[in-house]
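Quick notes on the structure that follows.
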Amino acid sequence: MALHGNDGGNDPVDGHSCGLIQQYEKIALASRSMLEAAHLGNWDQVEQIAARCRVMIEKLKLSSTRNSLGDKEKRRRIALLRSILNDDAQIRARAEPWLRDLEAFLRSAPQPPGRTP
């Protein structure tokens, strides 16, 4: 499910036609698209989507100072943020596989007496 079109740039920043939660949903959709591009090894597309995400996040920051979320929307926002963070972790794992190798190496290295990994 690739992200097509723009980042919602035609939506007003004040959130009247695009509420805060919809802005979070757009970012989550973009995050998922970045993950799919990362799975395919399409790092140019990952960077293009990341650039659009940065714009959407800036708009969200502006909107969030003018609008607030109800309890149900706050729970939805938390779920969306968790999804975004999960996607980000998976993208990083794909982008930096050497970190896994380093971690495995460090775990297998002999530990000084009295220390456990």
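Each chain of the structure tokens is named A, B, ... in the order shown, its residues numbered from 1; ligands are numbered from 1 in display order.
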
### Every residue of chain A that DSSP places in helix (DSSP H, G or I), as an MDAnalysis selection string
chainID A and resid 20:39 43:66 71:95 97:108

#### Entry: 9 Å contact set for His39 of chain A, only C-alpha atoms, chain neighbours under 4 positions out, as an NGL selection string
:A and (34-35 or 91 or 94)

### Message
Can you pull out the residues contacting Ala79 of chain A? Cut-off 12 Å, using only C-alpha atoms, and skip same-chain residues under 4 positions away; I want them as a VMD selection string.
### Response
chain A and resid 21 24 to 25 28 72 to 75 83 to 86

Write the residues of the preceding selection, restricted to C-alpha atoms, as a PDB file, in the first residue's frame.
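Below is the file that was written, selection.pdb:
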```pdb
ATOM      1  CA  ILE A  21      -6.613  12.356  14.478  1.00  0.00           C
ATOM      2  CA  TYR A  24      -2.018  11.194  12.814  1.00  0.00           C
ATOM      3  CA  GLU A  25      -3.647   8.600  10.551  1.00  0.00           C
ATOM      4  CA  ALA A  28       0.757   6.336  10.223  1.00  0.00           C
ATOM      5  CA  LYS A  72     -11.446   8.376  22.519  1.00  0.00           C
ATOM      6  CA  GLU A  73      -9.210  10.271  20.087  1.00  0.00           C
ATOM      7  CA  LYS A  74      -6.358  10.262  22.608  1.00  0.00           C
ATOM      8  CA  ARG A  75      -6.553   6.463  22.789  1.00  0.00           C
ATOM      9  CA  SER A  83       2.197   1.668  15.205  1.00  0.00           C
ATOM     10  CA  ILE A  84       4.443   4.433  13.867  1.00  0.00           C
ATOM     11  CA  LEU A  85       7.158   3.604  16.416  1.00  0.00           C
ATOM     12  CA  ASN A  86       6.929  -0.096  15.550  1.00  0.00           C
TER      13      ASN A  86
END
```

Near Ile49 of chain A, within 8 Å and counting only C-alpha atoms, which residues show up once chain neighbours fewer than 3 positions away are dropped, as a PDB file with C-alpha atoms, in the first residue's frame?
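File produced: result-v5.pdb:
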```pdb
ATOM      1  CA  LEU A   3       1.545   6.377  -0.386  1.00  0.00           C
ATOM      2  CA  ALA A  30       3.006   7.107   5.398  1.00  0.00           C
ATOM      3  CA  SER A  31       4.985   5.228   8.036  1.00  0.00           C
ATOM      4  CA  SER A  33       4.390   2.888   3.238  1.00  0.00           C
ATOM      5  CA  MET A  34       7.969   3.609   4.309  1.00  0.00           C
ATOM      6  CA  GLN A  45      11.254   5.942  -1.831  1.00  0.00           C
ATOM      7  CA  VAL A  46      11.771   5.609   1.931  1.00  0.00           C
ATOM      8  CA  ARG A  52       6.687  14.140   3.293  1.00  0.00           C
ATOM      9  CA  CYS A  53       6.313  12.863   6.863  1.00  0.00           C
TER      10      CYS A  53
END
```
